[in-house]
Each structure stands twice: as C-alpha cells, then as structure tokens.
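Student: You'll find input_0.cif just under this line, and it carries mmCIF, C-alpha atoms and all ligand atoms.
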```cif
data_structure
#
loop_
_atom_site.label_atom_id
_atom_site.label_comp_id
_atom_site.auth_asym_id
_atom_site.auth_seq_id
_atom_site.Cartn_x
_atom_site.Cartn_y
_atom_site.Cartn_z
CA MET D 1 -4.36 -30.00 -0.36
CA TYR D 2 -3.64 -27.27 -2.96
CA GLN D 3 -6.21 -26.20 -5.56
CA THR D 4 -4.10 -23.81 -7.62
CA LEU D 5 -0.52 -24.93 -7.05
CA LEU D 6 1.46 -28.08 -7.77
CA LEU D 7 4.29 -28.74 -5.34
CA HIS D 8 7.12 -31.12 -6.07
CA ALA D 9 10.14 -31.62 -3.82
CA GLU D 10 13.27 -33.32 -5.15
CA ASN D 11 16.95 -33.08 -4.16
CA GLY D 12 16.26 -30.23 -1.74
CA ILE D 13 14.48 -28.11 -4.38
CA LEU D 14 10.79 -27.31 -4.02
CA THR D 15 9.19 -26.63 -7.41
CA ILE D 16 6.05 -24.54 -7.02
CA THR D 17 3.95 -24.56 -10.20
CA ILE D 18 1.08 -22.11 -10.45
CA ASN D 19 -1.57 -24.31 -11.97
CA ARG D 20 -4.43 -22.40 -13.60
CA PRO D 21 -3.36 -22.86 -17.23
CA ASP D 22 -6.88 -22.15 -18.59
CA LYS D 23 -6.58 -18.65 -17.03
CA LEU D 24 -2.90 -18.33 -17.96
CA ASN D 25 -2.07 -18.87 -14.27
CA ALA D 26 -3.58 -15.51 -13.23
CA LEU D 27 -3.09 -14.74 -9.53
CA ASN D 28 -6.39 -14.89 -7.66
CA LYS D 29 -7.02 -14.91 -3.91
CA THR D 30 -6.60 -18.68 -3.67
CA VAL D 31 -3.22 -18.54 -5.45
CA PHE D 32 -2.02 -15.93 -2.95
CA ASP D 33 -3.29 -17.95 0.04
CA GLU D 34 -1.64 -21.08 -1.31
CA LEU D 35 1.62 -19.32 -2.22
CA ASN D 36 1.84 -18.26 1.43
CA LYS D 37 1.21 -21.85 2.48
CA ALA D 38 3.95 -23.07 0.12
CA LEU D 39 6.35 -20.45 1.52
CA ASP D 40 5.56 -21.76 5.03
CA GLU D 41 6.39 -25.25 3.80
CA LEU D 42 9.70 -24.08 2.28
CA ALA D 43 10.64 -22.23 5.48
CA GLY D 44 9.59 -25.04 7.82
CA ASN D 45 11.11 -28.06 6.09
CA ALA D 46 14.84 -28.44 6.75
CA GLU D 47 15.17 -30.86 3.82
CA LEU D 48 14.23 -28.05 1.42
CA LYS D 49 17.12 -25.75 0.56
CA SER D 50 15.67 -23.66 -2.29
CA ALA D 51 12.64 -23.23 -4.54
CA ILE D 52 11.58 -22.60 -8.12
CA ILE D 53 8.40 -20.77 -9.05
CA THR D 54 7.02 -21.52 -12.51
CA GLY D 55 3.71 -21.67 -14.38
CA ALA D 56 1.74 -24.63 -15.74
CA GLY D 57 1.34 -25.09 -19.48
CA PRO D 58 3.41 -23.94 -22.43
CA LYS D 59 2.04 -20.42 -22.73
CA ALA D 60 2.24 -18.49 -19.50
CA PHE D 61 4.31 -18.09 -16.37
CA VAL D 62 1.60 -15.83 -14.93
CA ALA D 63 -0.46 -13.42 -17.11
CA GLY D 64 -1.14 -11.09 -14.20
CA ALA D 65 -3.37 -10.59 -11.24
CA ASP D 66 -6.80 -12.10 -11.88
CA ILE D 67 -8.57 -9.18 -13.54
CA SER D 68 -11.99 -10.72 -12.85
CA GLU D 69 -11.46 -10.00 -9.12
CA PHE D 70 -10.92 -6.26 -9.81
CA ASN D 71 -14.36 -5.35 -11.04
CA GLU D 72 -16.32 -4.58 -7.90
CA LEU D 73 -13.50 -3.37 -5.67
CA SER D 74 -13.75 -0.11 -3.73
CA LYS D 75 -10.68 2.09 -3.39
CA GLU D 76 -10.14 0.75 0.15
CA GLN D 77 -10.44 -2.87 -1.00
CA SER D 78 -8.08 -2.26 -3.92
CA MET D 79 -5.46 -0.94 -1.52
CA GLN D 80 -5.88 -4.02 0.69
CA LEU D 81 -5.46 -6.20 -2.41
CA ALA D 82 -2.24 -4.42 -3.37
CA LYS D 83 -0.94 -4.71 0.20
CA ARG D 84 -1.69 -8.45 0.29
CA GLY D 85 0.22 -8.94 -2.97
CA GLN D 86 3.13 -6.83 -1.78
CA ASP D 87 3.32 -8.70 1.54
CA THR D 88 3.46 -12.08 -0.21
CA PHE D 89 6.11 -10.86 -2.63
CA PHE D 90 8.16 -9.39 0.27
CA ARG D 91 8.11 -12.86 1.81
CA ILE D 92 9.57 -14.27 -1.42
CA GLU D 93 12.18 -11.51 -1.72
CA ASN D 94 13.25 -11.91 1.91
CA SER D 95 13.18 -15.70 2.02
CA PRO D 96 16.48 -16.91 3.50
CA LYS D 97 16.29 -19.84 1.07
CA PRO D 98 16.86 -18.93 -2.60
CA ILE D 99 13.73 -18.70 -4.75
CA VAL D 100 14.22 -18.52 -8.52
CA ALA D 101 11.58 -17.80 -11.17
CA ALA D 102 11.58 -20.15 -14.17
CA VAL D 103 9.65 -17.98 -16.60
CA ASN D 104 8.01 -20.25 -19.17
CA GLY D 105 5.88 -17.76 -21.15
CA PHE D 106 3.92 -14.58 -20.45
CA ALA D 107 5.06 -12.81 -17.26
CA LEU D 108 2.72 -9.85 -17.34
CA GLY D 109 1.53 -7.48 -14.64
CA GLY D 110 1.47 -9.43 -11.37
CA GLY D 111 3.37 -12.20 -13.18
CA CYS D 112 6.26 -9.90 -13.99
CA GLU D 113 6.06 -8.60 -10.40
CA LEU D 114 6.17 -12.16 -9.04
CA ALA D 115 9.20 -12.99 -11.19
CA MET D 116 10.92 -9.78 -10.05
CA ALA D 117 10.30 -10.61 -6.37
CA CYS D 118 12.25 -13.86 -6.84
CA HIS D 119 15.99 -13.72 -6.20
CA PHE D 120 16.73 -14.10 -9.91
CA ARG D 121 15.08 -15.24 -13.11
CA ILE D 122 15.71 -17.83 -15.84
CA ALA D 123 13.53 -17.52 -18.95
CA SER D 124 12.56 -19.78 -21.81
CA GLU D 125 12.91 -18.38 -25.32
CA ASN D 126 9.13 -17.79 -25.57
CA ALA D 127 8.95 -15.69 -22.38
CA LYS D 128 7.49 -12.20 -22.59
CA PHE D 129 7.68 -9.58 -19.86
CA GLY D 130 5.65 -6.44 -19.32
CA GLN D 131 3.56 -4.29 -17.04
CA PRO D 132 0.40 -3.72 -19.10
CA GLU D 133 -1.69 -2.25 -16.25
CA VAL D 134 -2.08 1.15 -17.95
CA ASN D 135 -4.16 -0.67 -20.60
CA LEU D 136 -6.68 -1.25 -17.79
CA GLY D 137 -6.45 2.24 -16.35
CA LEU D 138 -4.28 0.93 -13.51
CA ILE D 139 -0.70 0.86 -12.32
CA PRO D 140 1.18 -2.14 -10.93
CA GLY D 141 0.28 -2.80 -7.28
CA TYR D 142 2.52 -5.68 -6.23
CA GLY D 143 5.85 -3.84 -6.19
CA GLY D 144 6.29 -3.55 -9.96
CA THR D 145 7.00 0.17 -10.05
CA GLN D 146 9.78 -0.33 -7.52
CA ARG D 147 11.45 -3.57 -8.59
CA LEU D 148 11.36 -2.79 -12.32
CA VAL D 149 13.31 0.42 -11.65
CA GLN D 150 15.74 -1.57 -9.49
CA LEU D 151 16.29 -4.24 -12.12
CA VAL D 152 16.30 -2.41 -15.47
CA GLY D 153 16.93 1.20 -14.47
CA LYS D 154 14.54 4.15 -14.30
CA GLY D 155 14.46 5.14 -17.98
CA LYS D 156 13.59 1.71 -19.37
CA ALA D 157 11.22 1.02 -16.47
CA MET D 158 9.37 4.29 -17.10
CA GLU D 159 8.96 3.37 -20.77
CA MET D 160 7.68 -0.13 -19.95
CA LEU D 161 5.31 1.14 -17.23
CA MET D 162 3.86 3.97 -19.30
CA SER D 163 3.64 2.27 -22.71
CA ALA D 164 2.68 -1.28 -21.59
CA VAL D 165 5.14 -2.55 -24.19
CA LEU D 166 6.09 -6.23 -23.86
CA ILE D 167 9.71 -7.30 -24.16
CA ASP D 168 10.95 -10.71 -25.23
CA ALA D 169 13.38 -12.98 -23.41
CA SER D 170 16.49 -11.81 -25.23
CA GLU D 171 15.74 -8.14 -24.52
CA ALA D 172 14.99 -9.06 -20.89
CA LYS D 173 18.42 -10.69 -20.74
CA SER D 174 20.17 -7.70 -22.28
CA LEU D 175 18.48 -5.50 -19.63
CA GLY D 176 19.54 -7.77 -16.76
CA LEU D 177 15.95 -8.69 -15.96
CA VAL D 178 16.77 -12.38 -16.56
CA ASN D 179 20.08 -14.16 -16.08
CA HIS D 180 19.79 -16.88 -18.72
CA VAL D 181 17.54 -17.76 -21.66
CA THR D 182 16.98 -21.44 -22.48
CA LEU D 183 14.91 -23.65 -24.75
CA PRO D 184 11.47 -24.22 -23.18
CA GLU D 185 12.12 -27.99 -22.89
CA ILE D 186 15.15 -27.50 -20.64
CA LEU D 187 14.01 -24.47 -18.62
CA LEU D 188 13.33 -26.38 -15.39
CA GLU D 189 16.41 -28.57 -15.78
CA HIS D 190 18.64 -25.53 -16.32
CA THR D 191 17.14 -23.77 -13.29
CA LYS D 192 17.58 -26.89 -11.15
CA GLN D 193 21.23 -27.16 -12.23
CA ILE D 194 21.90 -23.64 -10.94
CA LEU D 195 20.11 -24.33 -7.65
CA THR D 196 21.90 -27.65 -7.25
CA VAL D 197 25.19 -25.72 -7.19
CA ILE D 198 23.81 -23.13 -4.74
CA ASN D 199 22.44 -25.93 -2.53
CA THR D 200 25.99 -27.21 -1.95
CA LYS D 201 27.01 -23.87 -0.36
CA ALA D 202 26.70 -22.92 3.31
CA PRO D 203 22.97 -22.17 3.79
CA LEU D 204 23.47 -19.45 6.41
CA ALA D 205 26.04 -17.73 4.19
CA VAL D 206 23.61 -17.92 1.25
CA ALA D 207 20.93 -16.38 3.49
CA GLY D 208 23.43 -13.67 4.48
CA CYS D 209 24.04 -12.84 0.80
CA ILE D 210 20.27 -12.45 0.29
CA LYS D 211 19.92 -10.19 3.34
CA ALA D 212 22.88 -7.98 2.50
CA ALA D 213 22.00 -7.64 -1.21
CA ASN D 214 18.37 -6.81 -0.36
CA ALA D 215 19.61 -4.12 2.03
CA VAL D 216 20.77 -2.09 -1.02
CA PHE D 217 17.12 -1.24 -1.65
CA ASP D 218 16.00 -0.86 1.97
CA GLU D 219 15.98 2.76 3.06
CA THR D 220 15.66 1.79 6.72
CA GLN D 221 19.19 0.39 6.80
CA ASN D 222 22.68 0.97 5.47
CA GLY D 223 23.68 -1.85 3.13
CA TYR D 224 27.34 -1.73 4.12
CA ASP D 225 26.37 -2.03 7.80
CA ALA D 226 24.12 -4.95 6.90
CA GLU D 227 27.07 -6.58 5.14
CA VAL D 228 29.30 -6.16 8.22
CA ARG D 229 26.55 -7.67 10.40
CA GLU D 230 25.98 -10.65 8.09
CA PHE D 231 29.76 -11.18 7.70
CA GLY D 232 30.06 -11.25 11.50
CA ASN D 233 27.12 -13.64 11.86
CA CYS D 234 28.94 -16.12 9.60
CA PHE D 235 31.78 -16.24 12.14
CA ASP D 236 29.38 -17.67 14.72
CA THR D 237 28.51 -20.65 12.53
CA GLU D 238 29.80 -24.23 12.46
CA ASP D 239 29.68 -24.02 8.68
CA LYS D 240 32.34 -21.30 8.65
CA GLN D 241 34.62 -23.60 10.68
CA GLU D 242 33.84 -26.44 8.30
CA GLY D 243 34.33 -24.32 5.14
CA ILE D 244 37.73 -23.04 6.21
CA ALA D 245 38.87 -26.45 7.56
CA ALA D 246 37.80 -28.14 4.30
CA PHE D 247 39.74 -25.57 2.25
CA LEU D 248 42.90 -26.05 4.33
CA GLU D 249 42.54 -29.84 4.26
CA LYS D 250 41.90 -29.76 0.48
CA ARG D 251 38.57 -31.57 0.74
CA LYS D 252 34.96 -30.79 -0.08
CA ALA D 253 33.05 -28.99 2.70
CA ALA D 254 30.02 -30.70 4.20
CA PHE D 255 27.78 -27.86 5.33
CA LYS D 256 25.01 -28.40 7.84
CA GLY D 257 23.28 -25.03 7.95
CA ARG D 258 24.46 -24.38 11.51
N1 LIG D 301 -6.78 -12.29 -15.30
C1 LIG D 301 -7.82 -13.12 -15.50
N2 LIG D 301 -7.93 -13.93 -16.57
C2 LIG D 301 -6.93 -13.90 -17.46
C3 LIG D 301 -5.81 -13.06 -17.33
C4 LIG D 301 -5.75 -12.23 -16.18
N3 LIG D 301 -4.72 -11.42 -15.94
N4 LIG D 301 -5.01 -13.23 -18.41
C5 LIG D 301 -5.59 -14.16 -19.18
N5 LIG D 301 -6.75 -14.57 -18.62
C6 LIG D 301 -7.70 -15.54 -19.14
C7 LIG D 301 -8.53 -15.00 -20.30
O1 LIG D 301 -9.61 -14.25 -19.84
C8 LIG D 301 -8.95 -16.29 -20.97
O2 LIG D 301 -10.00 -16.86 -20.23
P1 LIG D 301 -11.31 -17.45 -20.99
O3 LIG D 301 -10.78 -18.53 -21.87
O4 LIG D 301 -12.18 -17.96 -19.86
O5 LIG D 301 -11.89 -16.32 -21.75
C9 LIG D 301 -7.74 -17.19 -20.79
O6 LIG D 301 -7.01 -16.65 -19.69
C10 LIG D 301 -6.82 -17.24 -21.99
O7 LIG D 301 -6.44 -15.89 -22.31
P2 LIG D 301 -6.61 -15.26 -23.77
O8 LIG D 301 -6.68 -13.77 -23.60
O9 LIG D 301 -7.72 -15.92 -24.50
O10 LIG D 301 -5.22 -15.68 -24.46
P3 LIG D 301 -4.49 -14.93 -25.64
O11 LIG D 301 -3.41 -15.86 -26.09
O12 LIG D 301 -5.45 -14.46 -26.66
O13 LIG D 301 -3.81 -13.63 -24.97
C11 LIG D 301 -2.61 -12.42 -23.27
C12 LIG D 301 -2.80 -13.78 -24.01
C13 LIG D 301 -1.63 -12.70 -22.13
C14 LIG D 301 -1.99 -11.41 -24.23
C15 LIG D 301 -3.95 -11.93 -22.73
O14 LIG D 301 -4.58 -12.98 -22.02
C16 LIG D 301 -3.86 -10.75 -21.81
O15 LIG D 301 -3.66 -9.64 -22.27
N6 LIG D 301 -4.04 -10.95 -20.47
C17 LIG D 301 -4.07 -9.90 -19.51
C18 LIG D 301 -2.69 -9.36 -19.23
C19 LIG D 301 -2.76 -8.23 -18.24
O16 LIG D 301 -3.30 -7.19 -18.50
N7 LIG D 301 -2.17 -8.46 -17.06
C20 LIG D 301 -2.13 -7.49 -16.03
C21 LIG D 301 -3.26 -7.66 -15.11
S1 LIG D 301 -3.25 -6.43 -13.81
#
```
So that I can check it, write out the structure of this file as structure tokens.
Tutor:
Amino acid sequence: MYQTLLLHAENGILTITINRPDKLNALNKTVFDELNKALDELAGNAELKSAIITGAGPKAFVAGADISEFNELSKEQSMQLAKRGQDTFFRIENSPKPIVAAVNGFALGGGCELAMACHFRIASENAKFGQPEVNLGLIPGYGGTQRLVQLVGKGKAMEMLMSAVLIDASEAKSLGLVNHVTLPEILLEHTKQILTVINTKAPLAVAGCIKAANAVFDETQNGYDAEVREFGNCFDTEDKQEGIAAFLEKRKAAFKGR
C-alpha cells in the first residue's frame, strides 16, 4: 500500500517511518503523497491518538528534499514544489492529534523542516540538524526560514541558514530545538513513553493546546483570543465534566474525546 513509508499502529500511537534508507530518506514526490495519506489515516482513525515520524536506518531521519528532483525545474515548478511541501508540513503542524519527530540521525534541509513542523522533537545522540540549502544555491522552501526563527531565535537561525553549519543533538537541545536527547537504541521507546502520557489526557483539550500555541505564530489571529475560544470550547465537552468529576471523586479520569 505504501512504497516509501512504513506504518505501525500500537497502543493508539501511529509510527510513520520514512523508508528510503539508501537515499537517507530524502523526501521525493512519493514520500509527500504518502505522508498526506498517512495523515489522512491518523485523522480518520479514532483508535489513533498521536503519531511519531522517524526515519529508517541508523544514519538519517531525513537528509533533505530529494535533490535529484530539483534539476530540471522551472521557477514556476519550483514554487509549486515549495508550496506542496509547505502545505503538507502545515497539515502536520495543525494536526489536532500530537505528532512528534523522533530524530534518529541527519535532519537536514527538508528533514530539519519536517522535524520542526512536528509538535516537538526527541533526538538520538547521533542526530545532526541543519539547513544546508545555501550549499546548493538555494534557500529552504518548506517553512525552514520561518520555523527555525521561531524555535531557536533569529540570530542563531540566521547563522544556521547563511552558513549551512550543522549542529549536533546536544546543541539542538541547548537551543530548544529538541526536548530530549537519548541513546539511539531507546529513541522510539522514549518518544512512545511521552506520547503514552499525552494519550491519557483529554484529546479535545490536547487539540486546544495545539491550536492556541500555534496561534502565537499566526498573524491572522490574536493568540490570547484563540486561547479564550479554545478554553470556552472545552466547557462544551463531556471530557471536561469527566475530568472535573474525576478530580473531585479522587479517581482517574476516563476521557472519551467528546
Ligand atoms: N536528495 C537525494 N539523495 C540524497 C540526499 C538528498 N537530499 N541526501 C543523500 N542522498 C543520497 C546520496 O546521493 C547517496 O545516494 P547514492 O548512494 O545513490 O549515491 C545516498 O543518499 C547516501 O548519501 P551519501 O552522500 O553517500 O552519504 P554520506 O554519509 O557520504 O553523506 C550527507 C551524508 C547527509 C552529509 C550527504 O548525503 C548530504 O550532504 N546530503 C544532502 C544534504 C542536503 O543538502 N540537504 C538539503 C537538500 S535541499
């Protein structure tokens, strides 16, 4: 069913593995088409509460957009390609179900952009991050100039964008680009542990957190207004009744996502 992705669902977590290890999991057209299909699956399956995106093999998360597809592109086609990438990554960023990047090696160019579109990132010790597009006479096209500034601040982002310098996992953690650094062998387990905790929370409240936090970077809306709206929406849910009743009755809440 999928040529370039491996999908595995367990305990409400969908693990999406980009599976082109011989090309360091570079993002070609098929990967984008299939990522969209996997996002449809995540959205449409009520059993799935969250997702992990990772790369196959020990070396790379994703080493970038597939450079071999760039050669013959006209200016118009290159803009369409950037738009397609941005649209897919907006879908990840705005997914109401949490999507976490488990970065298991090189996250370069489009790979760094994919990781940054996820809600947060866990890295293995061998992970490396960077936007090396200027080496190719290009700039990032899948949101990298925007999200890198958001995540590490303008000064560091400018340096990374202009110099193509790669940073290791511990520097990425000190910059706030990744939340945790783990041994490669336990990367997926560690990421699943975090999502297992999140999966016990009220799904609509989790979705509200995503919406309100994303509103910080959305110029079309006021983030504080978005927070008021999302706070209010929670009061219409059965899960809010359940959460408050469970607290008062000193028992564990059983959320239903309603
Ligand atoms: N697009 C297409 N193919 C890619 C790729 C990319 N972004 N990154 C790696 N590959 C391919 C290589 O061409 C090579 O294929 P081949 O065996 O058919 O020749 C294979 O993946 C392995 O890569 P290789 O370069 O041999 O591995 P390495 O360990 O020597 O170097 C990197 C690893 C990540 C430093 C190097 O592959 C690299 O610089 N990749 C491009 C990074 C980049 O510029 N990304 C931004 C793209 S916009």
Student: Give me the chain D side of the contact with ligand LIG 301 (chain D), cut-off 6 Å, one line per residue showing its nearest atom pair and distance in Å at one decimal, counting only C-alpha atoms and all ligand atoms, sorted by chain and residue number, as a tab-separated table.
Tutor:
```
residue	atom	partner	partner_atom	distance
D:Asp22	CA	D:LIG301	C9	5.5
D:Lys23	CA	D:LIG301	O6	3.4
D:Leu24	CA	D:LIG301	O6	4.8
D:Ala26	CA	D:LIG301	C4	4.9
D:Ala63	CA	D:LIG301	N4	4.7
D:Gly64	CA	D:LIG301	N3	4.0
D:Ala65	CA	D:LIG301	C21	4.9
D:Asp66	CA	D:LIG301	N1	3.4
D:Ile67	CA	D:LIG301	N1	4.0
D:Ser68	CA	D:LIG301	C1	5.5
D:Leu108	CA	D:LIG301	N7	5.1
D:Gly109	CA	D:LIG301	C20	3.9
D:Pro132	CA	D:LIG301	O16	5.1
D:Glu133	CA	D:LIG301	S1	5.1
```
Student: Which of these, D:Val216, D:Ala127, D:Leu35, D:Ala207, has the shortest distance to Lys49 (chain D) once you count all atoms listed in the file?
Tutor: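 Closest to Lys49 (chain D) of all the choices is D:Ala207.
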Student: As a list of chain:residue names, please: the residues near Ala46 (chain D) (cut-off 10 Å, only C-alpha atoms, same-chain neighbours under 3 positions excluded).
Tutor: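 Non-adjacent residues within range: D:Gly12, D:Glu41, D:Leu42, D:Ala43, D:Lys49, D:Gly257.
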Student: Restricting the calculation to only C-alpha atoms, which member of D:Ile186, D:Val165, D:Leu204, D:Ile53 is positioned closest to Val100 (chain D)?
Tutor: D:Ile53
Student: Here is a test: counting all atoms listed in the file, which residue of D:Ala56, D:Leu177, D:Leu138, D:Val31 is nearest to Lys156 (chain D)?
Tutor: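 Using all atoms listed in the file, the shortest distance to Lys156 (chain D) belongs to D:Leu177.
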Student: Using Å and a single decimal, report how far CA of Leu151 (chain D) sits from CA of Asn222 (chain D).
Tutor: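 If I compute the distance from CA of Asn222 (chain D) to CA of Leu151 (chain D), I get 19.4 Å.
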Student: Measuring between only C-alpha atoms, which one of D:Glu249, D:Glu93, D:Glu219, D:Asp236 shows the shortest distance to Ala205 (chain D)?
Tutor: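 Using only C-alpha atoms, Ala205 (chain D) sits closest to D:Asp236.
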Student: Can you work out which one of D:Phe255, D:Tyr224, D:Phe235, D:Phe247 has the shortest atom-to-atom distance to Ile198 (chain D), counting only C-alpha atoms?
Tutor: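 Answer, going by the shortest atom-to-atom distance: D:Phe255.
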Student: My list of candidates is D:Leu7, D:Ala172, D:Ala117, D:Ala254. Which is closest to Pro203 (chain D) when distances are computed with only C-alpha atoms?
Tutor: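 Looking only at the distances to Pro203 (chain D), the closest residue turns out to be D:Ala254.
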Student: Could you tell me how far CA of Leu183 (chain D) lies from CA of Asn126 (chain D), in Å and to one decimal?
Tutor: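 Taking CA of Leu183 (chain D) and CA of Asn126 (chain D), their separation equals 8.3 Å.
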Student: What would the list of residues within 7 Å of (7.9, -6.6, -24.6) (file frame) look like as a list in words, if all atoms listed in the file are what count?
Tutor: Lys128, Phe129, Gly130, Val165, Leu166, Ile167 and Asp168 of chain D
Student: Axis-aligned box over every listed atom of region 161-179 of chain D, padded by 3 Å per side: centre and edges in Å to one decimal, as lines of an AutoDock Vina configuration file?
Tutor:
```
center_x = 11.4
center_y = -5.1
center_z = -20.6
size_x = 23.5
size_y = 24.1
size_z = 15.3
```
Student: At a cut-off of 12 Å, using only C-alpha atoms, what residues contact Gly223 (chain D)? Leave out same-chain residues fewer than 3 positions from it and give the result as number ranges by chain.
Tutor: D: 208-220, 226-230
Student: To one decimal in Å, tell me the separation between CA of Asn25 (chain D) and CA of Tyr142 (chain D).
Tutor: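 Value for the CA of Asn25 (chain D)-CA of Tyr142 (chain D) distance: 16.1 Å.
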Student: Residues at most 12 Å from Asn45 (chain D), counting only C-alpha atoms, excluding those fewer than 3 positions away in the same chain, as a list in words?
Tutor: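 What passes the distance filter is Ala9, Gly12, Ile13, Leu14, Ala38, Leu39, Asp40, Glu41, Leu42, Leu48, Lys49, Ser50, Ala51 and Lys97 of chain D.
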Student: For the selection just defined, write its residues with C-alpha atoms to a file, as a short mmCIF file (atom, residue, chain, number, x, y, z; two decimals), in the coordinates of the input.
Tutor:
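Saved to again.cif:
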```
data_model
loop_
_atom_site.label_atom_id
_atom_site.label_comp_id
_atom_site.auth_asym_id
_atom_site.auth_seq_id
_atom_site.Cartn_x
_atom_site.Cartn_y
_atom_site.Cartn_z
CA ALA D 9 10.14 -31.62 -3.82
CA GLY D 12 16.26 -30.23 -1.74
CA ILE D 13 14.48 -28.11 -4.38
CA LEU D 14 10.79 -27.31 -4.02
CA ALA D 38 3.95 -23.07 0.12
CA LEU D 39 6.35 -20.45 1.52
CA ASP D 40 5.56 -21.76 5.03
CA GLU D 41 6.39 -25.25 3.80
CA LEU D 42 9.70 -24.08 2.28
CA LEU D 48 14.23 -28.05 1.42
CA LYS D 49 17.12 -25.75 0.56
CA SER D 50 15.67 -23.66 -2.29
CA ALA D 51 12.64 -23.23 -4.54
CA LYS D 97 16.29 -19.84 1.07
#
```
Student: Quick one: everything within 10 Å of Ala157 (chain D), counting all atoms listed in the file, minus sequence neighbours fewer than 3 positions away in the same chain. Send it as a count of residues only.
Tutor: 17
Student: Could you complete region 233-241 of chain D so that it carries all heavy atoms, and give it back as a PDB file, in the frame of the given file?
Tutor:
```pdb
ATOM      1  N   ASN D 233      27.970 -12.500  11.488  1.00  0.00           N
ATOM      2  CA  ASN D 233      27.120 -13.640  11.860  1.00  0.00           C
ATOM      3  C   ASN D 233      27.701 -14.959  11.344  1.00  0.00           C
ATOM      4  O   ASN D 233      27.585 -15.998  11.988  1.00  0.00           O
ATOM      5  CB  ASN D 233      25.702 -13.464  11.299  1.00  0.00           C
ATOM      6  CG  ASN D 233      24.915 -12.420  12.084  1.00  0.00           C
ATOM      7  OD1 ASN D 233      25.290 -12.076  13.216  1.00  0.00           O
ATOM      8  ND2 ASN D 233      23.847 -11.903  11.494  1.00  0.00           N
ATOM      9  N   CYS D 234      28.339 -14.896  10.173  1.00  0.00           N
ATOM     10  CA  CYS D 234      28.940 -16.120   9.600  1.00  0.00           C
ATOM     11  C   CYS D 234      30.007 -16.686  10.546  1.00  0.00           C
ATOM     12  O   CYS D 234      30.199 -17.905  10.616  1.00  0.00           O
ATOM     13  CB  CYS D 234      29.574 -15.845   8.244  1.00  0.00           C
ATOM     14  SG  CYS D 234      28.384 -15.442   6.965  1.00  0.00           S
ATOM     15  N   PHE D 235      30.680 -15.779  11.271  1.00  0.00           N
ATOM     16  CA  PHE D 235      31.780 -16.240  12.140  1.00  0.00           C
ATOM     17  C   PHE D 235      31.285 -16.991  13.369  1.00  0.00           C
ATOM     18  O   PHE D 235      32.077 -17.618  14.074  1.00  0.00           O
ATOM     19  CB  PHE D 235      32.681 -15.050  12.525  1.00  0.00           C
ATOM     20  CG  PHE D 235      33.667 -14.749  11.426  1.00  0.00           C
ATOM     21  CD1 PHE D 235      33.241 -14.146  10.253  1.00  0.00           C
ATOM     22  CD2 PHE D 235      34.993 -15.121  11.531  1.00  0.00           C
ATOM     23  CE1 PHE D 235      34.125 -13.911   9.203  1.00  0.00           C
ATOM     24  CE2 PHE D 235      35.888 -14.887  10.499  1.00  0.00           C
ATOM     25  CZ  PHE D 235      35.454 -14.280   9.334  1.00  0.00           C
ATOM     26  N   ASP D 236      29.978 -16.926  13.613  1.00  0.00           N
ATOM     27  CA  ASP D 236      29.380 -17.670  14.720  1.00  0.00           C
ATOM     28  C   ASP D 236      28.898 -19.052  14.282  1.00  0.00           C
ATOM     29  O   ASP D 236      28.259 -19.744  15.059  1.00  0.00           O
ATOM     30  CB  ASP D 236      28.149 -16.916  15.247  1.00  0.00           C
ATOM     31  CG  ASP D 236      28.535 -15.949  16.348  1.00  0.00           C
ATOM     32  OD1 ASP D 236      29.655 -16.079  16.864  1.00  0.00           O
ATOM     33  OD2 ASP D 236      27.707 -15.073  16.669  1.00  0.00           O
ATOM     34  N   THR D 237      29.127 -19.416  13.019  1.00  0.00           N
ATOM     35  CA  THR D 237      28.510 -20.650  12.530  1.00  0.00           C
ATOM     36  C   THR D 237      29.519 -21.805  12.469  1.00  0.00           C
ATOM     37  O   THR D 237      30.709 -21.600  12.229  1.00  0.00           O
ATOM     38  CB  THR D 237      27.921 -20.459  11.106  1.00  0.00           C
ATOM     39  OG1 THR D 237      28.989 -20.211  10.184  1.00  0.00           O
ATOM     40  CG2 THR D 237      26.934 -19.308  11.059  1.00  0.00           C
ATOM     41  N   GLU D 238      28.978 -23.016  12.644  1.00  0.00           N
ATOM     42  CA  GLU D 238      29.800 -24.230  12.460  1.00  0.00           C
ATOM     43  C   GLU D 238      30.233 -24.339  11.008  1.00  0.00           C
ATOM     44  O   GLU D 238      31.321 -24.849  10.717  1.00  0.00           O
ATOM     45  CB  GLU D 238      28.978 -25.472  12.827  1.00  0.00           C
ATOM     46  CG  GLU D 238      28.781 -25.662  14.307  1.00  0.00           C
ATOM     47  CD  GLU D 238      27.906 -26.881  14.590  1.00  0.00           C
ATOM     48  OE1 GLU D 238      27.928 -27.867  13.820  1.00  0.00           O
ATOM     49  OE2 GLU D 238      27.177 -26.832  15.601  1.00  0.00           O
ATOM     50  N   ASP D 239      29.359 -23.883  10.105  1.00  0.00           N
ATOM     51  CA  ASP D 239      29.680 -24.020   8.680  1.00  0.00           C
ATOM     52  C   ASP D 239      30.902 -23.199   8.280  1.00  0.00           C
ATOM     53  O   ASP D 239      31.641 -23.584   7.371  1.00  0.00           O
ATOM     54  CB  ASP D 239      28.471 -23.610   7.818  1.00  0.00           C
ATOM     55  CG  ASP D 239      27.433 -24.714   7.731  1.00  0.00           C
ATOM     56  OD1 ASP D 239      27.754 -25.851   8.144  1.00  0.00           O
ATOM     57  OD2 ASP D 239      26.320 -24.437   7.264  1.00  0.00           O
ATOM     58  N   LYS D 240      31.142 -22.085   8.956  1.00  0.00           N
ATOM     59  CA  LYS D 240      32.340 -21.300   8.650  1.00  0.00           C
ATOM     60  C   LYS D 240      33.586 -22.088   9.073  1.00  0.00           C
ATOM     61  O   LYS D 240      34.578 -22.140   8.343  1.00  0.00           O
ATOM     62  CB  LYS D 240      32.247 -19.923   9.338  1.00  0.00           C
ATOM     63  CG  LYS D 240      33.517 -19.111   9.315  1.00  0.00           C
ATOM     64  CD  LYS D 240      34.112 -19.092  10.709  1.00  0.00           C
ATOM     65  CE  LYS D 240      35.552 -18.680  10.735  1.00  0.00           C
ATOM     66  NZ  LYS D 240      36.149 -18.898  12.054  1.00  0.00           N
ATOM     67  N   GLN D 241      33.510 -22.739  10.238  1.00  0.00           N
ATOM     68  CA  GLN D 241      34.620 -23.600  10.680  1.00  0.00           C
ATOM     69  C   GLN D 241      34.875 -24.685   9.643  1.00  0.00           C
ATOM     70  O   GLN D 241      36.003 -24.946   9.243  1.00  0.00           O
ATOM     71  CB  GLN D 241      34.298 -24.302  12.016  1.00  0.00           C
ATOM     72  CG  GLN D 241      33.884 -23.396  13.146  1.00  0.00           C
ATOM     73  CD  GLN D 241      35.059 -22.594  13.668  1.00  0.00           C
ATOM     74  OE1 GLN D 241      35.230 -21.446  13.277  1.00  0.00           O
ATOM     75  NE2 GLN D 241      35.874 -23.216  14.502  1.00  0.00           N
TER      76      GLN D 241
END
```
